[in-house]
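A.B. asks: Following this line is final27.txt, made up of compact mmCIF, C-alpha atoms:
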```txt
# COMPACT_ATOMS: atom_id res chain seq x y z
CA MET J 1 -25.08 0.12 3.37
CA ILE J 2 -25.82 -3.35 1.95
CA ARG J 3 -22.60 -3.30 -0.08
CA THR J 4 -20.57 -2.28 2.97
CA SER J 5 -22.10 -5.07 5.07
CA LEU J 6 -21.52 -7.59 2.28
CA LEU J 7 -17.85 -6.62 1.93
CA ALA J 8 -17.32 -6.69 5.71
CA LEU J 9 -19.00 -10.10 5.99
CA PHE J 10 -16.93 -11.52 3.14
CA PHE J 11 -13.62 -10.44 4.69
CA ALA J 12 -14.70 -11.49 8.20
CA LEU J 13 -15.56 -15.00 6.99
CA ALA J 14 -12.30 -15.20 5.03
CA ILE J 15 -10.23 -14.18 8.07
CA VAL J 16 -12.00 -16.57 10.44
CA PHE J 17 -12.40 -19.66 8.25
CA VAL J 18 -9.71 -19.46 5.54
CA LEU J 19 -6.82 -17.38 6.85
CA PRO J 20 -5.86 -19.77 9.71
CA TRP J 21 -5.30 -22.56 7.18
CA LEU J 22 -3.23 -20.26 4.99
CA VAL J 23 -1.13 -19.24 7.99
CA LEU J 24 -0.62 -22.92 8.90
CA TRP J 25 0.42 -23.69 5.32
CA THR J 26 2.86 -20.78 5.43
CA ILE J 27 4.39 -22.06 8.67
CA ILE J 28 4.75 -25.59 7.24
CA ARG J 29 6.25 -24.43 3.94
CA GLY J 30 8.22 -21.51 5.37
CA ASN J 31 7.10 -19.33 2.49
CA PRO J 32 4.30 -16.70 2.53
CA VAL J 33 3.86 -16.40 -1.25
CA PHE J 34 0.83 -18.73 -1.54
CA MET J 35 -0.94 -17.04 1.39
CA TYR J 36 -0.21 -13.58 -0.01
CA MET J 37 -1.36 -14.37 -3.54
CA THR J 38 -4.52 -16.06 -2.28
CA ALA J 39 -5.28 -13.01 -0.14
CA MET J 40 -4.86 -10.72 -3.16
CA LYS J 41 -7.27 -12.88 -5.17
CA ALA J 42 -9.76 -12.60 -2.30
CA VAL J 43 -9.44 -8.81 -2.23
CA ARG J 44 -9.99 -8.58 -5.99
CA PHE J 45 -13.07 -10.78 -5.66
CA GLY J 46 -14.33 -8.60 -2.79
CA ASN J 47 -13.96 -5.52 -4.98
CA ARG J 48 -16.00 -7.10 -7.76
CA LEU J 49 -18.57 -8.27 -5.24
CA VAL J 50 -19.48 -4.67 -4.35
CA GLY J 51 -19.17 -3.23 -7.86
CA ILE J 52 -15.70 -1.69 -7.65
CA ARG J 53 -13.69 -1.81 -10.88
CA VAL J 54 -9.95 -1.20 -10.63
CA ARG J 55 -8.16 -0.09 -13.79
CA MET J 56 -4.36 -0.26 -14.00
CA ALA J 57 -1.99 1.75 -16.15
CA GLY J 58 1.78 1.94 -16.51
CA LEU J 59 2.66 -1.60 -15.44
CA GLU J 60 5.54 -1.45 -17.90
CA ASN J 61 7.13 1.24 -15.68
CA ILE J 62 7.73 -1.22 -12.83
CA PRO J 63 11.43 -2.19 -12.70
CA ALA J 64 12.47 -5.81 -12.38
CA GLN J 65 14.44 -5.27 -9.16
CA PRO J 66 12.99 -4.65 -5.67
CA CYS J 67 11.52 -1.17 -5.41
CA VAL J 68 9.40 1.11 -3.24
CA PHE J 69 5.91 1.87 -4.53
CA ILE J 70 4.94 5.28 -3.15
CA ALA J 71 1.29 6.27 -3.52
CA ASN J 72 -1.15 8.97 -2.50
CA HIS J 73 -3.85 8.10 0.07
CA ALA J 74 -7.35 9.39 -0.62
CA SER J 75 -9.56 6.71 0.96
CA ASN J 76 -9.72 3.55 3.06
CA MET J 77 -10.40 1.81 -0.25
CA ASP J 78 -6.85 2.57 -1.40
CA PRO J 79 -5.23 -0.62 -0.01
CA LEU J 80 -7.94 -2.75 -1.62
CA ALA J 81 -7.38 -1.09 -4.99
CA PHE J 82 -3.62 -0.52 -4.87
CA ILE J 83 -1.97 -3.55 -3.28
CA PRO J 84 -3.61 -6.25 -5.48
CA ALA J 85 -2.70 -4.16 -8.54
CA ILE J 86 1.02 -4.64 -7.87
CA PRO J 87 2.18 -7.68 -9.87
CA ARG J 88 4.48 -9.01 -7.14
CA ARG J 89 4.46 -9.66 -3.41
CA VAL J 90 5.22 -6.56 -1.37
CA GLY J 91 5.79 -5.66 2.23
CA ILE J 92 3.69 -2.91 3.77
CA LEU J 93 4.25 -0.44 6.60
CA VAL J 94 1.15 -0.99 8.76
CA LYS J 95 0.05 0.98 11.81
CA LYS J 96 0.77 -1.11 14.89
CA GLU J 97 -2.86 -1.11 16.08
CA LEU J 98 -3.78 -3.58 13.32
CA PHE J 99 -1.34 -6.10 14.78
CA ARG J 100 -3.72 -6.51 17.73
CA ILE J 101 -6.28 -8.33 15.56
CA PRO J 102 -6.12 -12.10 16.22
CA ILE J 103 -5.19 -14.32 13.25
CA PHE J 104 -4.82 -11.26 11.00
CA SER J 105 -1.77 -10.14 12.97
CA THR J 106 -0.11 -13.56 12.62
CA ALA J 107 -0.72 -13.47 8.88
CA MET J 108 0.82 -9.99 8.60
CA VAL J 109 3.92 -11.10 10.52
CA ARG J 110 4.29 -14.14 8.24
CA ALA J 111 3.82 -11.91 5.19
CA GLN J 112 6.66 -9.68 6.50
CA PHE J 113 4.51 -6.60 6.97
CA THR J 114 6.19 -4.04 9.23
CA PRO J 115 4.37 -2.44 12.21
CA VAL J 116 4.81 1.31 12.60
CA ASP J 117 4.05 3.42 15.67
CA ARG J 118 3.40 6.82 14.12
CA GLY J 119 3.31 8.44 17.54
CA ASP J 120 6.79 7.22 18.53
CA ARG J 121 9.55 8.73 16.42
CA GLU J 122 12.28 6.38 17.68
CA SER J 123 10.17 3.27 17.16
CA SER J 124 9.13 4.50 13.72
CA GLY J 125 12.78 4.99 12.79
CA LYS J 126 13.57 1.40 13.77
CA SER J 127 10.68 0.16 11.64
CA ILE J 128 12.00 2.09 8.64
CA SER J 129 15.49 0.61 9.14
CA SER J 130 14.03 -2.90 9.42
CA ALA J 131 12.03 -2.41 6.23
CA ALA J 132 15.09 -1.02 4.44
CA GLN J 133 17.00 -4.20 5.28
CA MET J 134 14.20 -6.38 3.89
CA LEU J 135 14.20 -4.19 0.80
CA LYS J 136 17.92 -4.91 0.38
CA ASP J 137 17.12 -8.61 0.79
CA GLY J 138 14.73 -8.48 -2.17
CA LEU J 139 11.27 -7.60 -0.83
CA SER J 140 9.58 -4.62 -2.49
CA TYR J 141 7.45 -2.28 -0.34
CA ALA J 142 4.23 -0.33 -0.83
CA ILE J 143 3.82 2.91 1.11
CA PHE J 144 1.21 5.65 1.46
CA ALA J 145 3.61 8.56 1.76
CA GLU J 146 1.13 11.10 3.11
CA GLY J 147 1.03 9.09 6.33
CA THR J 148 -2.74 9.27 6.63
CA ARG J 149 -5.77 9.72 4.39
CA SER J 150 -6.36 13.06 2.74
CA PRO J 151 -9.56 14.61 4.15
CA ASP J 152 -10.79 15.69 0.71
CA GLY J 153 -8.95 13.39 -1.69
CA ARG J 154 -6.42 16.06 -2.68
CA LEU J 155 -2.73 15.20 -2.64
CA ARG J 156 -0.94 16.27 0.55
CA ALA J 157 2.75 16.66 1.36
CA PHE J 158 4.70 13.40 1.50
CA LYS J 159 6.52 12.27 4.63
CA LYS J 160 10.13 11.15 4.45
CA GLY J 161 10.04 7.56 5.78
CA GLY J 162 9.55 5.71 2.51
CA PHE J 163 12.20 7.82 0.79
CA THR J 164 14.67 7.14 3.58
CA MET J 165 14.11 3.42 3.02
CA ALA J 166 14.66 3.73 -0.71
CA ILE J 167 17.86 5.76 -0.38
CA GLU J 168 19.32 3.46 2.30
CA ALA J 169 18.58 0.39 0.16
CA GLY J 170 19.47 2.04 -3.17
CA ALA J 171 16.09 0.91 -4.53
CA PRO J 172 14.07 2.61 -7.29
CA VAL J 173 10.96 4.54 -6.28
CA VAL J 174 7.80 3.96 -8.33
CA PRO J 175 5.39 6.91 -7.96
CA VAL J 176 1.80 5.60 -7.93
CA SER J 177 -1.29 7.73 -8.54
CA ILE J 178 -4.57 6.40 -7.12
CA ALA J 179 -7.62 8.17 -8.53
CA GLY J 180 -11.31 7.86 -7.77
CA THR J 181 -11.24 5.96 -4.48
CA GLN J 182 -12.40 9.01 -2.50
CA LYS J 183 -15.74 8.64 -4.28
CA LEU J 184 -16.01 4.95 -3.39
CA LEU J 185 -15.50 5.41 0.34
CA GLN J 186 -15.32 8.94 1.72
CA LYS J 187 -13.38 9.83 4.84
CA GLY J 188 -15.64 9.64 7.89
CA SER J 189 -18.08 7.31 6.12
CA TRP J 190 -18.44 3.52 6.15
CA ILE J 191 -20.66 3.35 3.07
CA VAL J 192 -18.97 1.70 0.09
CA ARG J 193 -20.23 2.91 -3.29
CA PRO J 194 -19.75 1.10 -6.61
CA GLY J 195 -17.58 2.75 -9.22
CA ASP J 196 -14.16 2.95 -10.84
CA ALA J 197 -10.69 3.46 -9.40
CA THR J 198 -7.52 3.91 -11.42
CA VAL J 199 -4.04 2.90 -10.26
CA THR J 200 -1.29 4.43 -12.40
CA PHE J 201 2.31 3.29 -12.05
CA ASN J 202 4.48 6.20 -13.19
CA ARG J 203 8.06 6.08 -14.42
CA ALA J 204 10.45 4.90 -11.70
CA VAL J 205 12.94 7.30 -10.10
CA ASP J 206 16.46 6.10 -9.32
CA SER J 207 17.00 6.80 -5.61
CA SER J 208 20.72 6.05 -5.91
CA GLU J 209 21.10 9.53 -7.41
CA TYR J 210 20.11 11.02 -4.04
CA THR J 211 21.49 11.07 -0.50
CA LEU J 212 19.72 11.56 2.81
CA GLU J 213 20.85 15.19 2.62
CA SER J 214 19.17 15.64 -0.78
CA ARG J 215 16.13 13.55 0.15
CA GLY J 216 13.87 16.59 -0.14
CA GLU J 217 14.61 16.80 -3.87
CA LEU J 218 13.58 13.15 -4.31
CA ILE J 219 10.37 13.76 -2.36
CA ARG J 220 9.45 16.76 -4.50
CA ARG J 221 10.15 14.89 -7.72
CA VAL J 222 8.00 11.92 -6.73
CA GLU J 223 5.22 14.20 -5.47
CA SER J 224 5.12 15.97 -8.83
CA LEU J 225 4.96 12.66 -10.74
CA VAL J 226 2.11 11.38 -8.56
CA ALA J 227 0.23 14.68 -8.92
CA ALA J 228 0.63 14.76 -12.70
CA ALA J 229 -1.43 11.58 -13.13
CA LEU J 230 -4.24 12.62 -10.78
CA PRO J 231 -7.53 14.24 -11.93
CA PRO J 232 -8.06 17.97 -11.21
CA GLU J 233 -10.18 17.31 -8.12
CA GLN J 234 -7.28 15.43 -6.52
CA GLN J 235 -4.55 17.89 -7.44
CA PRO J 236 -2.86 19.60 -4.46
CA LEU J 237 -4.11 23.10 -3.67
```
Could you rewrite the structure in this file as structure tokens?
C.D. replies:
Amino acid sequence: MIRTSLLALFFALAIVFVLPWLVLWTIIRGNPVFMYMTAMKAVRFGNRLVGIRVRMAGLENIPAQPCVFIANHASNMDPLAFIPAIPRRVGILVKKELFRIPIFSTAMVRAQFTPVDRGDRESSGKSISSAAQMLKDGLSYAIFAEGTRSPDGRLRAFKKGGFTMAIEAGAPVVPVSIAGTQKLLQKGSWIVRPGDATVTFNRAVDSSEYTLESRGELIRRVESLVAAALPPEQQPL
């Protein structure tokens, strides 16, 4: 419980006392890169603060051009392990409820994060189209393709939104396997435990070989690549 409180306090203080200045700097400069990179450094420091070690593998598989990083989702710790591991600025599809948080919401807008209403199919479709356009303009995206956390850490079926984006933008898909985070913060619990997480970037898949009609084949291929790099206890049933 002490680790959880420490991590929450660290991020709360950062949002209240540091983030406003970063947002102001971003507005003045018209560029979110400094704010984003500083935030990623803060997240990595927060991980170390509570004894979480993130190991990365397969960085050489990340293509030079804009791409869609598609990962499994086993725990609320996933964003803290996964996003800072990506060696470039990325956009993220974020549930719209988080955009109600003062200061934090302004920072997400400036960082070009995209709000998604998972309960509204039409609104969700517009968000995907907006993200696809930013992908074409050069901003990579990170997506948890299961849509929500797995209840037991095992890989679940992927939803189509991220793959639609990739196909529409003609961007490569990088399958990402996140292992061990379900032990650090279990679903339904707020207790953060120290330990190791591994983020594996698997070989990229060329989405230009697929159409919206053959999207299911792309989904199955990426699912299999993500699953292959997961430990037995996270393999799909």
A.B. asks: If I take atom CA of Lys136 of chain J and atom CA of Cys67 of chain J, how far is one from the other in Å, to one decimal?
C.D. replies: 9.4 Å
A.B. asks: Mind checking which residues fall within 12 Å of Ala81 of chain J, counting all atoms listed in the file, ignoring those fewer than 5 positions away in the same chain, and posting them as an MDAnalysis selection string?
C.D. replies: chainID J and resid 40:41 43:48 52:56 71 73:76 86 176:182 184:185 195:200
A.B. asks: One number please: atom CA of Pro20 of chain J to atom CA of Ile83 of chain J, in Å, one decimal.
C.D. replies: 21.1 Å
A.B. asks: Using all atoms listed in the file, give me every residue within 8 Å of (-3.0, 14.4, -9.1) in file coordinates, as number ranges by chain.
C.D. replies: J: 154-155, 177, 179, 226-236
A.B. asks: Filtering to C-alpha atoms, could you give me those residues as a short mmCIF file (atom, residue, chain, number, x, y, z; two decimals), in the coordinates of the input?
C.D. replies:
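Okay, this is what ended up in out.cif:
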```cif
data_model
loop_
_atom_site.label_atom_id
_atom_site.label_comp_id
_atom_site.auth_asym_id
_atom_site.auth_seq_id
_atom_site.Cartn_x
_atom_site.Cartn_y
_atom_site.Cartn_z
CA ARG J 154 -6.42 16.06 -2.68
CA LEU J 155 -2.73 15.20 -2.64
CA SER J 177 -1.29 7.73 -8.54
CA ALA J 179 -7.62 8.17 -8.53
CA VAL J 226 2.11 11.38 -8.56
CA ALA J 227 0.23 14.68 -8.92
CA ALA J 228 0.63 14.76 -12.70
CA ALA J 229 -1.43 11.58 -13.13
CA LEU J 230 -4.24 12.62 -10.78
CA PRO J 231 -7.53 14.24 -11.93
CA PRO J 232 -8.06 17.97 -11.21
CA GLU J 233 -10.18 17.31 -8.12
CA GLN J 234 -7.28 15.43 -6.52
CA GLN J 235 -4.55 17.89 -7.44
CA PRO J 236 -2.86 19.60 -4.46
#
```
A.B. asks: Please produce, as a Markdown table, a per-residue contact table for segment 8-80 of chain J versus segment 102-115 of chain J (criterion: any atom at most 7 Å away, only C-alpha atoms considered), showing the nearest atom pair and its distance in Å to one decimal, sorted by chain then residue number.
C.D. replies:
```
| residue | atom | partner | partner_atom | distance |
| --- | --- | --- | --- | --- |
| J:Ile15 | CA | J:Phe104 | CA | 6.8 |
| J:Pro20 | CA | J:Ile103 | CA | 6.5 |
| J:Val23 | CA | J:Ala107 | CA | 5.9 |
| J:Pro32 | CA | J:Ala111 | CA | 5.5 |
| J:Tyr36 | CA | J:Ala111 | CA | 6.8 |
```
A.B. asks: Would you pick out the contacts of Arg220 of chain J at 10 Å or less, using all atoms listed in the file, so that residues sharing its chain but fewer than 5 positions from it are not included, and give the list as an NGL selection string?
C.D. replies: :J and (157-158 or 215 or 225-226)
A.B. asks: My list of candidates is J:Lys160, J:Leu218, J:Gly58, J:Gly51. Which is closest to Ile2 of chain J when distances are computed with all atoms listed in the file?
C.D. replies: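 Selected residue with least distance to Ile2 of chain J: J:Gly51.
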A.B. asks: Extending 3 Å beyond the listed atoms of segment 120-133 of chain J on each side, what axis-aligned box results? I want centre and edge lengths in Å to one decimal, as JSON.
C.D. replies:
```
{"center_x": 11.9, "center_y": 2.3, "center_z": 11.5, "size_x": 16.2, "size_y": 18.9, "size_z": 20.1}
```
A.B. asks: Mind checking which residues fall within 6 Å of segment 141-148 of chain J, counting only C-alpha atoms, ignoring those fewer than 6 positions away in the same chain, and posting them as a PyMOL selection string?
C.D. replies: chain J and resi 68-73+90-92+158-159
A.B. asks: Which residues are close to Val18 of chain J, i.e. within 12 Å by all atoms listed in the file, leaving aside same-chain residues fewer than 3 positions away? Reply as a ChimeraX atom specification.
C.D. replies: /J:10-15,21-25,35,38-39,42,103-104,107
A.B. asks: Which distance in Å separates atom CA of Met37 of chain J and atom CA of Leu19 of chain J, to one decimal?
C.D. replies: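 Atom-to-atom, atom CA of Met37 of chain J to atom CA of Leu19 of chain J, that is 12.1 Å.
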A.B. asks: Find the spatial neighbours of Pro63 of chain J, counting only C-alpha atoms, within a cut-off of 9 Å - ignore same-chain residues fewer than 5 positions away - and output them as a list in words.
C.D. replies: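 Here the qualifying residues turn out to be Pro172, Val174 and Ala204 of chain J.
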A.B. asks: When you count all atoms listed in the file, which of these residues is closest to Phe99 of chain J: J:Val116, J:Leu237, J:Leu139, J:Ala8?
C.D. replies: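 Distance minimum relative to Phe99 of chain J lands on J:Val116.
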A.B. asks: Would you please work out which residue, of J:Arg156, J:Met134, J:Gly161, J:Arg89, is nearest to Arg121 of chain J when using only C-alpha atoms?
C.D. replies: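 Closest candidate: J:Gly161.
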A.B. asks: For Asn202 of chain J, which residue among J:Phe82, J:Asn61, J:Leu98, J:Lys126 is the nearest when counting all atoms listed in the file?
C.D. replies: J:Asn61
